[in-house]
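Quick notes on the structure that follows.
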Amino acid sequence: MLFDQEANTLQEGFACLNRLEFSSLSAGIAYFETNIGTLEISAPGKDILRLRFQRTPAPDYGILTGLKSPEPSLRVEAGEEMRITIGTLELVFQQEPLRMRIHRNGALLLESSTDRTIGGTLRLHPLAANQEQWLVSLALKSGESIFGLGEKFGSLDKRGQLIESWNRDATGVNAEISYKNVPFAWSPRGWGLFVHTAARATHSVGYSPWSHRSYILRLDDPNLDLFLLFADTPAEMISKYTTLTGRTALPPRWSYGAWFSRAYYSTADEILEVAHKLRERRIPADVLTLDGRAWHKSETRFDFSWDPDRYPDPQEFVHGLRAMDYRLCLWEYSYLSDLNPMFGELAEKKYLLQDKNGDTYIYRWMPPPNDRIIPHLQPSGLIDFTNPNAYAWYRDMHRSLFEMGVSVMKTDYGEALPEDVVGYNGDTGKRLHNIYALLYNRCVFEASLMYGDKDGIVWGRSGWAGGQRYPVQWGGDPQGDWEGLAGSIRGGLSWGMSGGAFYAHDIGGFYGAQEKGSLLGTGMPEPELYIRWAQAAVMCSHTRFHGTSPREPWFFGEQAEEIIRFWLAWRYRLIPYLQGCALEAQQTGMPVMRPMPLAFPGEPLSWHFQHQYMLGPSLLVAPVIQPGGKVNFYLPSGRWYDIWNRAWEQGPGMFEREMPLEQIPVFGREGSILPLGPTVQHTGELRAELDLEEVWAFGPPGNGMQLPGLNLDVSPNGKIRNIPNHVNIKNL
């Protein structure tokens, strides 16, 4: 049968684990011997199990930051069945072949795959290994949804998908490949798994060609370090995962303002013209970006130096923008052209990754003889972040930029590390490929802390487990059409369900239709799409206009400019609320953008509406993702306040509306509050700390409304704790 052929091919070369033999229990870790090696089982936290085979030494890249000591109360009952109990959990191993069942509070919550042949044997090895890989097969219930696994642009529910945790330069949002992969998945039934690894992991999530009733993990790592997490709610699951891998730092307040960018502003005069026009036309903005090819010599990039022909006095240029109350974001990547005069010096110091023969590895975007055709994509070396001296050099090269007034770096790329490179620490590209993104963003984030403003920040494209610690992330290069908008929303929500607190996508899409003679699609998006994309992006944690063609509002007509001006004014009023959401993310791990399965786990009907989401605890947002303005959305149980029509709607229920071009559905949740700031042109006009103008209370104040991040609540007499008397309370 075909499905048996698939299973046999998948498992070829793997040895199934058959038995456990109990060895010892020490300091809360139980040790068992198997035909593959020693299994360690521990409980490094409440309702968390860790199953670990450490067969070869491996570098510690700091993925885990909140690992607690194993619970000492773990108990083992050895016999034909092995029973490990800790707190509410009981892990039972059956022998021949080795398979497991996990009970929580007496209820079976997770077990090895139950997929059998007509002869009664298991089709899939429950647990198997070869010298370099592992297979783990778990049972799925019919209709059971699985979420997480990083920034993925397809359906939020990964059931039926084959997902690869392997960072790619996706050049779009149209396929499974993506920039930010995380080997963490969870089920609303109350279990989740996280593979602590830097290696490639493949997840068959009820993928029919392998087994529609099983979750199959194939790990390209000789070691297995598997965390099984159990929780009452998805929010608690996210909290447990981010406890292990770290919570986000708080981005600076100015980052919540509007970012304007192109790929690219070709001269200083061009970006200065945009800077002046934004202020003259009263379009709120805080950040301007000099993207790739915009501020350095393309053929020799990247060495942190300005193009002297276009920027003869970089400091004067940066100070000029700051005098207009703009922050400057500069593009970078961790490659160095072999045409750069510094190349030989860095290669000699072993600051660049090497090949297996010990020579500097040369990365080529195109094979010879065409590898010199594109000026800005010359054959290059890759900075070796496993070399402590190279790491420190790269970090400290940012110093002069930050000291002259640059506010943030756009950390582009980071996904192209080949498997056959070798790091200073001896690790190969098989393990360095994914972790490279974490090391790269960590290095630049540390530079921003050391030499920039007091708040650390990057504008990062690639990521791995733990990457949420270094905000902010954006989804790279969406196609500039309606499906590109929809895919971008799903990518951000999937990242949020994988521990990522913040997300932005390119307003209007990165590329459009390809024009004759162009290497990139530079066509302009139509005004309707541009407006709808901007409305959706304003209602995200961060907001950036970016693409291969101009994205400033005046290029799309007077109506578009007027609508964008209105939405950006609203965006700036939301900044106190977004600050509160960020504080909550830092405290609990909850993302700012919360898809329905995360926000309303008890209402599975809402899960099918995968383009709507809660922006924090108070606002439900339903972007328009098709021409004509028609939108279908779901309101969960309770009452919801339509902030545009100033009317209450009763949930639960499905709704269909045809929205005017200037609106998308936004609802306030009864029992919540919405702190709003003043209307400003940039964050420099805000008072220090928290600048509140009014607070909207959705429902009677006696409901004990709260915004957890800001520690605000409305008392029965309508007063807001710890807020000056000038703040107006608006009861809706």
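Chain labels follow the order of the structure tokens: the first chain is A, the next B, and so on; residue numbering restarts at 1 in every chain, and ligands are counted from 1 in their shown order.
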Sort by chain and increasing residue number a table of all residues of stretch 144-224 of chain A within 8 Å of stretch 115-139 of chain A, each with its closest pair of atoms and their distance in Å to one decimal, counting only C-alpha atoms, and write it as CSV.
```
residue,atom,partner,partner_atom,distance
A:Ser211,CA,A:Asp115,CA,7.6
A:Arg213,CA,A:Ala139,CA,6.2
A:Ser214,CA,A:Ala139,CA,4.6
A:Tyr215,CA,A:Leu138,CA,5.0
A:Ile216,CA,A:Ser137,CA,4.4
A:Leu217,CA,A:Val136,CA,5.1
A:Arg218,CA,A:Leu135,CA,4.7
A:Leu219,CA,A:Trp134,CA,5.1
A:Asp220,CA,A:Gln133,CA,4.5
A:Asp221,CA,A:Gln133,CA,5.0
A:Pro222,CA,A:Glu132,CA,4.2
A:Asn223,CA,A:Gln133,CA,7.8
A:Leu224,CA,A:Trp134,CA,7.1
```
Discussion item. Can you tell me which residues surround stretch 60-77 of chain A at a distance of at most 10 Å, considering only C-alpha atoms, apart from same-chain residues fewer than 3 positions away, and format the answer as a PyMOL selection string?
Written reply: chain A and resi 22+24-31+41-46+48-50+57+80-87+89-92+196-198+240-247+386+432+435-436+438-439+464-467
Discussion item. If you run DSSP on the backbone here, which positions in stretch 145-372 of chain A get alpha helix (DSSP H)? Please write them as a VMD selection string.
Written reply: chain A and resid 234 to 245 268 to 280 314 to 323 343 to 348
Discussion item. Just want the 6 Å neighbourhood of A:Arg262, counted on only C-alpha atoms, with same-chain residues fewer than 3 positions away dropped. Output as a ChimeraX atom specification.
Written reply: /A:265,546-547
Kindly save the residues from that selection, with C-alpha atoms included, as a PDB file, in the first residue's frame.
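selection-v5.pdb was written with the following content:
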```
ATOM      1  CA  TYR A 265      15.878  55.967  -1.323  1.00  0.00           C
ATOM      2  CA  HIS A 546       7.916  49.692   2.523  1.00  0.00           C
ATOM      3  CA  GLY A 547       8.296  48.307  -0.972  1.00  0.00           C
TER       4      GLY A 547
END
```
Discussion item. I need the strand (DSSP E or B) residues of stretch 103-275 of chain A per DSSP on the backbone, written as a count of residues only.
Written reply: 57
Response to the item:
re atom CA of A:Ile373 and atom CA of A:Asp420: distance 24.8 Å
Worksheet item: So which one's closest to A:Pro234, A:Arg159, A:Arg594, A:His611, A:Lys454? Using only C-alpha atoms, please.
Response: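 Closest candidate: A:Arg594.
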Item to complete: Name the closest residue to A:Pro59 among the candidates A:Glu348, A:Arg395, A:Thr428, A:Ile374; distances are taken between atoms, counting only C-alpha atoms.
Response: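 Closest residue, counting only C-alpha atoms: A:Thr428.
Counting only C-alpha atoms, the residue from A:Ala599, A:Leu692, A:Leu712, A:Ala285 that sits nearest to A:Pro188 is A:Ala599.
Atom CA of A:Trp259 lies 4.4 Å from atom CA of A:Arg544.
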Item to complete: Please identify all polymer residues within 8 Å of A:Arg571, counting only C-alpha atoms, omitting same-chain residues fewer than 5 positions from it, and present them as a list in words.
Response: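 In the requested form, the answer reads Gly257, Val538 and Met539 of chain A.
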For C-alpha atoms, I'd like the residues from the last selection saved as a PDB file, in the first residue's frame.
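Output saved as again-v1.pdb:
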```pdb
ATOM      1  CA  GLY A 257       5.117  55.369  15.533  1.00  0.00           C
ATOM      2  CA  VAL A 538      -1.821  50.255  11.691  1.00  0.00           C
ATOM      3  CA  MET A 539      -3.613  47.718  13.884  1.00  0.00           C
TER       4      MET A 539
END
```
Item to complete: Choose the residue, out of A:Leu149, A:Leu336, A:Ala688, A:Val458, that has the smallest atom-to-atom separation from A:Ser407; count only C-alpha atoms.
Response: A:Val458
Item to complete: Excluding A:Asp506 and residues on its chain fewer than 5 positions from it, collect all residues at most 10 Å away from it, counting only C-alpha atoms, and give them as a list of chain:residue names.
Response: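 Those residues are A:Phe260, A:Ser261, A:Arg262, A:Trp474, A:Gly475, A:Gly476, A:Asp477, A:Pro478, A:Gln479, A:Gly480, A:Gly484, A:Leu485, A:Ser488, A:Tyr511, A:Trp533, A:Ala534, A:Ala537, A:Thr543, A:Arg544, A:Phe545, A:His546, A:Gly547, A:Arg551.
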Can you write out the residues you just picked, keeping N, CA, C and O atoms, as a tab-separated table (two decimals), in the first residue's frame?
```tsv
chain	number	residue	atom	x	y	z
A	260	PHE	N	8.66	54.82	7.66
A	260	PHE	CA	8.57	54.98	6.21
A	260	PHE	C	9.88	54.53	5.57
A	260	PHE	O	10.97	54.87	6.05
A	261	SER	N	9.74	53.77	4.50
A	261	SER	CA	10.91	53.16	3.88
A	261	SER	C	10.61	52.88	2.41
A	261	SER	O	9.45	52.79	2.00
A	262	ARG	N	11.66	52.73	1.65
A	262	ARG	CA	11.58	52.22	0.29
A	262	ARG	C	12.79	51.33	0.05
A	262	ARG	O	13.80	51.43	0.72
A	474	TRP	N	9.82	41.74	11.53
A	474	TRP	CA	8.87	42.05	10.45
A	474	TRP	C	8.87	40.88	9.46
A	474	TRP	O	9.82	40.10	9.38
A	475	GLY	N	7.76	40.76	8.72
A	475	GLY	CA	7.62	39.71	7.72
A	475	GLY	C	8.15	40.20	6.38
A	475	GLY	O	7.67	41.18	5.84
A	476	GLY	N	9.13	39.54	5.84
A	476	GLY	CA	9.80	40.06	4.67
A	476	GLY	C	9.11	39.78	3.34
A	476	GLY	O	8.55	38.70	3.12
A	477	ASP	N	9.12	40.77	2.48
A	477	ASP	CA	8.93	40.63	1.03
A	477	ASP	C	7.60	40.04	0.56
A	477	ASP	O	7.58	39.17	-0.30
A	478	PRO	N	6.45	40.50	1.06
A	478	PRO	CA	5.19	39.96	0.55
A	478	PRO	C	4.89	40.47	-0.86
A	478	PRO	O	5.24	41.59	-1.23
A	479	GLN	N	4.23	39.62	-1.62
A	479	GLN	CA	3.75	40.03	-2.94
A	479	GLN	C	2.68	41.09	-2.77
A	479	GLN	O	1.81	40.99	-1.91
A	480	GLY	N	2.73	42.12	-3.62
A	480	GLY	CA	1.83	43.27	-3.45
A	480	GLY	C	0.47	43.04	-4.06
A	480	GLY	O	0.08	43.75	-5.00
A	484	GLY	N	-1.12	38.54	-0.85
A	484	GLY	CA	0.06	38.92	-0.08
A	484	GLY	C	-0.30	39.55	1.24
A	484	GLY	O	0.35	39.32	2.26
A	485	LEU	N	-1.37	40.36	1.24
A	485	LEU	CA	-1.87	40.94	2.49
A	485	LEU	C	-2.36	39.85	3.43
A	485	LEU	O	-2.00	39.81	4.62
A	488	SER	N	0.48	37.82	4.85
A	488	SER	CA	1.26	38.59	5.83
A	488	SER	C	0.57	38.59	7.19
A	488	SER	O	1.23	38.48	8.24
A	511	TYR	N	6.86	43.73	-3.33
A	511	TYR	CA	7.03	43.77	-4.77
A	511	TYR	C	5.70	43.59	-5.47
A	511	TYR	O	4.77	42.99	-4.95
A	533	TRP	N	-4.28	47.66	3.21
A	533	TRP	CA	-3.06	47.13	3.84
A	533	TRP	C	-2.62	48.06	4.97
A	533	TRP	O	-2.24	47.61	6.06
A	534	ALA	N	-2.69	49.36	4.73
A	534	ALA	CA	-2.30	50.31	5.77
A	534	ALA	C	-3.21	50.20	6.99
A	534	ALA	O	-2.75	50.26	8.14
A	537	ALA	N	-2.18	47.15	8.89
A	537	ALA	CA	-0.85	47.30	9.50
A	537	ALA	C	-0.85	48.29	10.64
A	537	ALA	O	-0.06	48.15	11.58
A	543	THR	N	4.27	49.38	12.67
A	543	THR	CA	3.70	49.82	11.39
A	543	THR	C	4.79	50.38	10.49
A	543	THR	O	5.45	51.35	10.87
A	544	ARG	N	4.96	49.75	9.31
A	544	ARG	CA	5.97	50.26	8.37
A	544	ARG	C	5.44	50.25	6.94
A	544	ARG	O	4.86	49.27	6.48
A	545	PHE	N	5.68	51.36	6.24
A	545	PHE	CA	5.42	51.47	4.81
A	545	PHE	C	6.72	51.12	4.09
A	545	PHE	O	7.76	51.75	4.33
A	546	HIS	N	6.67	50.13	3.17
A	546	HIS	CA	7.92	49.69	2.52
A	546	HIS	C	7.60	48.92	1.25
A	546	HIS	O	6.60	48.20	1.18
A	547	GLY	N	8.45	49.06	0.26
A	547	GLY	CA	8.30	48.31	-0.97
A	547	GLY	C	9.33	48.71	-2.00
A	547	GLY	O	10.14	49.63	-1.80
A	551	ARG	N	5.99	54.23	-1.34
A	551	ARG	CA	4.87	53.85	-0.48
A	551	ARG	C	4.33	55.05	0.31
A	551	ARG	O	3.47	54.87	1.17
```
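Proximity to A:Asp481 at 12 Å, evaluated using only C-alpha atoms and with sequence-adjacent residues fewer than 5 positions away removed, yields Gly172, Val173, Asn174, Ala486, Gly487, Ser488, Asp506, Ile507, Gly508, Gly509, Phe510, Tyr511, Gly512, Ala513, Gly521, Gly523, Met524, Pro525, Glu526, Pro527, Glu528, Leu529, Tyr530, Arg532, Trp533, Ile625, Gln626 and Pro627 of chain A.
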Discussion item. Env of stretch 351-354 of chain A: 12 Å cut, atoms = only C-alpha atoms, seq-sep filter 4 positions within chain, self excluded. Answer as a PyMOL selection string.
Written reply: chain A and resi 334-338+342-347+358-363+380-394+417-429+432-433+436
